[in-house]
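Below: target_10.cif (mmCIF, C-alpha atoms and all ligand atoms)
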data_model
loop_
_atom_site.label_atom_id
_atom_site.label_comp_id
_atom_site.auth_asym_id
_atom_site.auth_seq_id
_atom_site.Cartn_x
_atom_site.Cartn_y
_atom_site.Cartn_z
CA MET B 56 -39.17 18.06 -49.53
CA ASN B 57 -41.87 20.66 -49.03
CA LYS B 58 -42.02 23.42 -51.59
CA GLY B 59 -41.18 26.94 -50.48
CA ILE B 60 -43.77 29.67 -50.11
CA VAL B 61 -43.96 32.75 -52.30
CA ILE B 62 -44.31 35.79 -50.03
CA LEU B 63 -45.43 39.09 -51.51
CA ILE B 64 -44.57 42.16 -49.47
CA SER B 65 -45.99 45.51 -50.55
CA GLY B 66 -46.43 48.88 -48.96
CA PRO B 67 -46.01 52.54 -49.84
CA SER B 68 -42.59 54.00 -50.58
CA GLY B 69 -40.91 54.96 -47.29
CA VAL B 70 -42.83 52.53 -45.08
CA GLY B 71 -39.67 50.56 -44.35
CA LYS B 72 -40.30 47.41 -46.41
CA GLY B 73 -36.63 47.18 -47.37
CA THR B 74 -35.46 47.19 -43.74
CA VAL B 75 -38.13 44.67 -42.73
CA VAL B 76 -37.15 42.32 -45.56
CA LYS B 77 -33.43 42.63 -44.74
CA GLU B 78 -34.13 41.59 -41.15
CA ILE B 79 -36.26 38.61 -42.19
CA LEU B 80 -33.50 37.43 -44.53
CA ARG B 81 -31.10 37.25 -41.57
CA ASP B 82 -33.04 34.20 -40.43
CA GLY B 83 -30.67 31.69 -42.02
CA ASP B 84 -31.13 29.88 -45.30
CA LYS B 85 -34.91 29.35 -45.12
CA TYR B 86 -35.42 32.48 -47.19
CA ALA B 87 -34.42 33.83 -50.56
CA LEU B 88 -35.00 37.29 -51.97
CA SER B 89 -36.13 37.83 -55.51
CA ILE B 90 -33.98 40.45 -57.21
CA SER B 91 -36.12 42.53 -59.55
CA ALA B 92 -35.23 44.12 -62.84
CA THR B 93 -35.89 47.85 -63.14
CA THR B 94 -35.49 50.67 -65.64
CA ARG B 95 -35.07 53.32 -62.94
CA ASN B 96 -31.70 54.98 -62.26
CA LYS B 97 -29.41 53.45 -59.68
CA ARG B 98 -29.42 55.28 -56.32
CA GLU B 99 -26.21 55.97 -54.46
CA GLY B 100 -25.05 52.80 -52.75
CA GLU B 101 -27.13 50.46 -54.90
CA VAL B 102 -25.33 47.62 -56.64
CA ASP B 103 -26.36 46.08 -59.96
CA GLY B 104 -27.37 42.44 -59.48
CA VAL B 105 -27.77 42.92 -55.71
CA SER B 106 -30.29 45.75 -55.23
CA TYR B 107 -31.82 45.33 -58.68
CA PHE B 108 -30.82 44.35 -62.19
CA PHE B 109 -30.66 47.82 -63.73
CA ILE B 110 -31.61 47.51 -67.39
CA SER B 111 -32.80 49.72 -70.25
CA LYS B 112 -36.45 49.98 -71.35
CA GLU B 113 -35.58 48.09 -74.57
CA GLU B 114 -34.01 45.23 -72.61
CA PHE B 115 -37.01 45.19 -70.24
CA ARG B 116 -39.44 44.93 -73.16
CA SER B 117 -37.39 42.17 -74.72
CA ARG B 118 -37.46 40.15 -71.46
CA ILE B 119 -41.25 40.51 -71.28
CA GLU B 120 -41.56 39.31 -74.89
CA GLN B 121 -39.37 36.30 -74.13
CA GLY B 122 -41.68 35.38 -71.22
CA LEU B 123 -38.89 35.79 -68.66
CA MET B 124 -40.92 37.89 -66.22
CA LEU B 125 -43.30 36.43 -63.66
CA GLU B 126 -44.92 39.86 -63.39
CA TYR B 127 -44.08 43.47 -64.12
CA ALA B 128 -45.59 46.90 -63.54
CA GLU B 129 -45.01 50.56 -64.24
CA TYR B 130 -44.41 52.60 -61.10
CA CYS B 131 -43.81 56.38 -61.12
CA GLY B 132 -42.62 56.31 -64.73
CA ASN B 133 -40.33 53.27 -64.54
CA PHE B 134 -40.75 49.55 -65.10
CA TYR B 135 -40.14 46.97 -62.40
CA GLY B 136 -40.43 43.20 -62.85
CA THR B 137 -39.72 39.85 -61.22
CA PRO B 138 -37.53 37.37 -63.13
CA LYS B 139 -39.50 34.11 -63.22
CA ALA B 140 -36.74 31.47 -63.29
CA TYR B 141 -35.24 32.33 -59.90
CA VAL B 142 -38.62 32.26 -58.15
CA ASP B 143 -39.38 28.81 -59.60
CA GLU B 144 -35.93 27.52 -58.67
CA MET B 145 -36.18 28.69 -55.04
CA VAL B 146 -39.70 27.35 -54.54
CA ASN B 147 -38.58 23.96 -55.86
CA LYS B 148 -35.59 24.03 -53.49
CA GLY B 149 -38.00 24.50 -50.56
CA LYS B 150 -37.06 28.11 -49.86
CA ASN B 151 -39.53 30.79 -48.91
CA ILE B 152 -39.00 33.44 -51.52
CA ILE B 153 -39.76 37.07 -50.80
CA LEU B 154 -40.95 39.39 -53.55
CA GLU B 155 -40.93 43.02 -52.44
CA ILE B 156 -43.19 44.45 -55.12
CA GLU B 157 -45.85 47.11 -55.63
CA VAL B 158 -49.59 46.49 -55.67
CA GLN B 159 -50.27 45.85 -59.38
CA GLY B 160 -47.49 43.28 -59.51
CA ALA B 161 -48.69 41.57 -56.34
CA GLU B 162 -52.21 41.41 -57.76
CA ASN B 163 -50.84 39.77 -60.93
CA VAL B 164 -48.81 37.19 -59.00
CA LYS B 165 -51.87 36.33 -56.85
CA ARG B 166 -53.82 35.70 -60.05
CA ILE B 167 -51.18 33.26 -61.36
CA MET B 168 -50.27 31.80 -57.95
CA PRO B 169 -53.24 32.03 -55.60
CA GLU B 170 -51.23 30.13 -52.98
CA ALA B 171 -48.76 33.05 -52.65
CA VAL B 172 -49.04 34.84 -49.30
CA SER B 173 -49.58 38.59 -49.60
CA ILE B 174 -48.65 40.99 -46.81
CA PHE B 175 -49.20 44.75 -46.91
CA VAL B 176 -47.02 46.92 -44.67
CA MET B 177 -48.90 50.04 -43.52
CA PRO B 178 -47.43 53.15 -41.90
CA PRO B 179 -49.01 54.14 -38.56
CA ASP B 180 -50.18 57.38 -40.24
CA MET B 181 -49.49 59.60 -43.26
CA ASN B 182 -47.22 62.03 -41.39
CA ALA B 183 -44.90 59.22 -40.38
CA LEU B 184 -44.73 58.08 -43.99
CA GLU B 185 -43.95 61.53 -45.33
CA SER B 186 -41.22 62.22 -42.80
CA ARG B 187 -39.60 58.81 -43.40
CA LEU B 188 -39.65 59.35 -47.14
CA ARG B 189 -38.08 62.80 -46.78
CA SER B 190 -35.49 61.82 -44.18
CA ARG B 191 -34.27 59.06 -46.48
CA GLY B 192 -33.03 61.84 -48.76
CA THR B 193 -32.78 59.60 -51.80
CA GLU B 194 -35.40 61.38 -53.92
CA ASP B 195 -35.90 64.94 -55.14
CA GLU B 196 -39.04 66.92 -54.19
CA GLU B 197 -40.96 66.02 -57.35
CA THR B 198 -40.31 62.31 -56.86
CA VAL B 199 -41.27 62.52 -53.16
CA ARG B 200 -44.60 64.16 -54.15
CA LYS B 201 -45.23 61.52 -56.84
CA ARG B 202 -44.48 58.73 -54.38
CA LEU B 203 -46.79 60.20 -51.72
CA ASP B 204 -49.64 60.49 -54.24
CA THR B 205 -49.02 56.91 -55.32
CA ALA B 206 -48.91 55.83 -51.64
CA ALA B 207 -52.53 56.90 -51.08
CA VAL B 208 -53.69 54.87 -54.09
CA GLU B 209 -51.62 51.87 -52.98
CA MET B 210 -52.99 51.91 -49.42
CA GLU B 211 -56.53 51.67 -50.75
CA LYS B 212 -55.49 48.25 -52.05
CA ALA B 213 -54.29 47.04 -48.63
CA VAL B 214 -57.64 45.34 -47.98
CA CYS B 215 -57.04 43.01 -50.95
CA TYR B 216 -54.00 41.49 -49.20
CA ASP B 217 -54.09 38.36 -47.04
CA TYR B 218 -52.49 40.25 -44.14
CA ILE B 219 -51.94 43.87 -43.13
CA VAL B 220 -49.07 44.65 -40.75
CA VAL B 221 -48.40 48.11 -39.28
CA ASN B 222 -44.81 49.27 -39.17
CA ASP B 223 -44.96 51.42 -36.05
CA ARG B 224 -42.18 49.69 -34.11
CA LEU B 225 -39.83 47.91 -36.50
CA GLU B 226 -39.22 44.92 -34.17
CA ASP B 227 -42.97 44.30 -33.79
CA CYS B 228 -43.51 44.54 -37.53
CA ILE B 229 -40.75 41.98 -38.18
CA ASP B 230 -42.11 39.63 -35.48
CA ASP B 231 -45.61 39.87 -36.95
CA ILE B 232 -44.40 39.03 -40.45
CA LYS B 233 -42.28 36.12 -39.20
CA SER B 234 -45.31 34.74 -37.31
CA ILE B 235 -47.43 34.95 -40.45
CA ILE B 236 -44.82 33.12 -42.53
CA SER B 237 -44.38 30.47 -39.86
CA ALA B 238 -48.13 29.83 -39.64
CA GLU B 239 -48.46 29.74 -43.43
CA SER B 240 -45.61 27.25 -43.79
CA HIS B 241 -47.44 24.89 -41.39
CA LYS B 242 -50.65 24.89 -43.41
CA ASN B 243 -51.47 21.32 -44.35
CA ILE B 244 -51.05 22.05 -48.08
CA ASN B 245 -47.43 23.09 -47.43
CA MET B 246 -46.73 20.03 -45.25
CA VAL B 247 -48.04 17.36 -47.63
CA ASN B 248 -44.60 16.25 -48.86
CA PHE B 249 -43.25 16.08 -45.32
CA VAL B 250 -46.14 13.86 -44.18
CA LYS B 251 -45.68 11.61 -47.24
CA GLY B 252 -41.96 11.31 -46.47
CA VAL B 253 -42.62 10.22 -42.88
CA LEU B 254 -45.17 7.61 -43.99
CA GLU B 255 -42.87 6.18 -46.69
CA LYS B 256 -40.02 5.43 -44.25
P1 LIG K 301 -37.98 51.69 -55.47
O1 LIG K 301 -37.80 52.56 -56.67
O2 LIG K 301 -38.29 52.50 -54.23
O3 LIG K 301 -36.85 50.73 -55.26
O4 LIG K 301 -39.27 50.78 -55.74
C1 LIG K 301 -40.48 51.37 -56.11
C2 LIG K 301 -41.61 50.36 -55.95
O5 LIG K 301 -41.43 49.29 -56.89
C3 LIG K 301 -41.67 49.70 -54.57
O6 LIG K 301 -43.03 49.69 -54.15
C4 LIG K 301 -41.16 48.32 -54.81
O7 LIG K 301 -41.74 47.38 -53.91
C5 LIG K 301 -41.66 48.08 -56.23
N1 LIG K 301 -40.97 46.99 -56.93
C6 LIG K 301 -39.67 46.62 -56.80
N2 LIG K 301 -39.41 45.56 -57.58
C7 LIG K 301 -40.57 45.24 -58.21
C8 LIG K 301 -40.96 44.22 -59.14
O8 LIG K 301 -40.19 43.36 -59.54
N3 LIG K 301 -42.25 44.23 -59.56
C9 LIG K 301 -43.15 45.14 -59.14
N4 LIG K 301 -44.39 45.04 -59.59
N5 LIG K 301 -42.82 46.11 -58.26
C10 LIG K 301 -41.56 46.15 -57.80
#
What do you get writing this file as structure tokens?
Ligand code: 5GP
Amino acid sequence: MNKGIVILISGPSGVGKGTVVKEILRDGDKYALSISATTRNKREGEVDGVSYFFISKEEFRSRIEQGLMLEYAEYCGNFYGTPKAYVDEMVNKGKNIILEIEVQGAENVKRIMPEAVSIFVMPPDMNALESRLRSRGTEDEETVRKRLDTAAVEMEKAVCYDYIVVNDRLEDCIDDIKSIISAESHKNINMVNFVKGVLEK
């Protein structure tokens, strides 16, 4: 069986990454989503173990020390990290695993796993980003400001990604990302086991 691909999706807060990822996951059992651990407070409607694993800073530190995190980063005063075991398990099961993570984390994963495919989702412009972030209504004014400041810094890193996709029309953005994943999964390095299997029969 071919191994799955690790797909890193980043983009500024409010760009619509969550919606894009949700739509991609509808595509049957080819995909898995990595559920991150975070120290931030749960938002209304979020479910522990589904949206995130909500844990304390002490617990987060302990998991880092035990080597349980593939990567982690501090973002707007909270820690976020990817549990390693699940990613390994999914890749070995041949699933394409999606990590929706911020730029420092994506950079760290790329260092450990250069074969991971990184995709940066850009807003069409800053005004669109600001109005999406505000209309979401999940953050207070101070947090919105912090996230917009962070967004500018994050977008400077977009050029370090393998692909940049603009989320102007949601459907187009989803199609673009699906095309990228499809092309990447047909790269010869990802088809080696399939070719071997055909030859062995
Ligand atoms: P939010 O608080 O809006 O859910 O997430 C804030 C930022 O943290 C987003 O850019 C999101 O992609 C990122 N993030 C979520 N999980 C992880 C993770 O496991 N690692 C890293 N490095 N960033 C994450």
### Task
Considering all atoms listed in the file, return as a ChimeraX atom specification whatever protein or nucleic-acid residues lie within 10 Å of Ala161 (chain B), sequence-local ones (same chain, fewer than 6 positions apart) excluded.
/B:62-65,126-128,154-155,171-175,216
Could you dump the residues just selected with C-alpha atoms as a tab-separated table (two decimals), in the coordinates of the input?
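Written output follows (again_24.tsv):
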chain	number	residue	atom	x	y	z
B	62	ILE	CA	-44.31	35.79	-50.03
B	63	LEU	CA	-45.43	39.09	-51.51
B	64	ILE	CA	-44.57	42.16	-49.47
B	65	SER	CA	-45.99	45.51	-50.55
B	126	GLU	CA	-44.92	39.86	-63.39
B	127	TYR	CA	-44.08	43.47	-64.12
B	128	ALA	CA	-45.59	46.90	-63.54
B	154	LEU	CA	-40.95	39.39	-53.55
B	155	GLU	CA	-40.93	43.02	-52.44
B	171	ALA	CA	-48.76	33.05	-52.65
B	172	VAL	CA	-49.04	34.84	-49.30
B	173	SER	CA	-49.58	38.59	-49.60
B	174	ILE	CA	-48.65	40.99	-46.81
B	175	PHE	CA	-49.20	44.75	-46.91
B	216	TYR	CA	-54.00	41.49	-49.20
### Task
Would you list the residues that come within 10 Å of ligand LIG 301 (chain K)? Count all atoms listed in the file and give the answer as number ranges by chain.
B: 63-70, 72-73, 89-98, 101, 106-108, 124-131, 133-139, 154-164, 188, 193-194, 202, 205-206, 209
Please produce a file of the residues just selected, as a short mmCIF file (atom, residue, chain, number, x, y, z; two decimals), keeping the file's coordinate frame, where the atoms kept are C-alpha atoms.
data_model
loop_
_atom_site.label_atom_id
_atom_site.label_comp_id
_atom_site.auth_asym_id
_atom_site.auth_seq_id
_atom_site.Cartn_x
_atom_site.Cartn_y
_atom_site.Cartn_z
CA LEU B 63 -45.43 39.09 -51.51
CA ILE B 64 -44.57 42.16 -49.47
CA SER B 65 -45.99 45.51 -50.55
CA GLY B 66 -46.43 48.88 -48.96
CA PRO B 67 -46.01 52.54 -49.84
CA SER B 68 -42.59 54.00 -50.58
CA GLY B 69 -40.91 54.96 -47.29
CA VAL B 70 -42.83 52.53 -45.08
CA LYS B 72 -40.30 47.41 -46.41
CA GLY B 73 -36.63 47.18 -47.37
CA SER B 89 -36.13 37.83 -55.51
CA ILE B 90 -33.98 40.45 -57.21
CA SER B 91 -36.12 42.53 -59.55
CA ALA B 92 -35.23 44.12 -62.84
CA THR B 93 -35.89 47.85 -63.14
CA THR B 94 -35.49 50.67 -65.64
CA ARG B 95 -35.07 53.32 -62.94
CA ASN B 96 -31.70 54.98 -62.26
CA LYS B 97 -29.41 53.45 -59.68
CA ARG B 98 -29.42 55.28 -56.32
CA GLU B 101 -27.13 50.46 -54.90
CA SER B 106 -30.29 45.75 -55.23
CA TYR B 107 -31.82 45.33 -58.68
CA PHE B 108 -30.82 44.35 -62.19
CA MET B 124 -40.92 37.89 -66.22
CA LEU B 125 -43.30 36.43 -63.66
CA GLU B 126 -44.92 39.86 -63.39
CA TYR B 127 -44.08 43.47 -64.12
CA ALA B 128 -45.59 46.90 -63.54
CA GLU B 129 -45.01 50.56 -64.24
CA TYR B 130 -44.41 52.60 -61.10
CA CYS B 131 -43.81 56.38 -61.12
CA ASN B 133 -40.33 53.27 -64.54
CA PHE B 134 -40.75 49.55 -65.10
CA TYR B 135 -40.14 46.97 -62.40
CA GLY B 136 -40.43 43.20 -62.85
CA THR B 137 -39.72 39.85 -61.22
CA PRO B 138 -37.53 37.37 -63.13
CA LYS B 139 -39.50 34.11 -63.22
CA LEU B 154 -40.95 39.39 -53.55
CA GLU B 155 -40.93 43.02 -52.44
CA ILE B 156 -43.19 44.45 -55.12
CA GLU B 157 -45.85 47.11 -55.63
CA VAL B 158 -49.59 46.49 -55.67
CA GLN B 159 -50.27 45.85 -59.38
CA GLY B 160 -47.49 43.28 -59.51
CA ALA B 161 -48.69 41.57 -56.34
CA GLU B 162 -52.21 41.41 -57.76
CA ASN B 163 -50.84 39.77 -60.93
CA VAL B 164 -48.81 37.19 -59.00
CA LEU B 188 -39.65 59.35 -47.14
CA THR B 193 -32.78 59.60 -51.80
CA GLU B 194 -35.40 61.38 -53.92
CA ARG B 202 -44.48 58.73 -54.38
CA THR B 205 -49.02 56.91 -55.32
CA ALA B 206 -48.91 55.83 -51.64
CA GLU B 209 -51.62 51.87 -52.98
#
### Task
Take CA of Leu88 (chain B) and CA of Ile152 (chain B) and report the distance between them in Å, one decimal.
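Rounded to one decimal, the two atoms are 5.6 Å apart.
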### Query
Quick one: distance from CA of Ile235 (chain B) to CA of Val247 (chain B) in Å, one decimal?
19.0 Å
### Query
Quick one: of B:Glu185, B:Glu144, B:Glu78, B:Asp217, who's nearest to Asp230 (chain B), counting only C-alpha atoms?
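Going through B:Glu185, B:Glu144, B:Glu78, B:Asp217 one by one, the smallest distance to Asp230 (chain B) is for B:Glu78.
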### Query
Just how far from CA of Lys85 (chain B) is CA of Met145 (chain B), in Å to one decimal?
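Calculated distance between CA of Met145 (chain B) and CA of Lys85 (chain B) is 10.0 Å.
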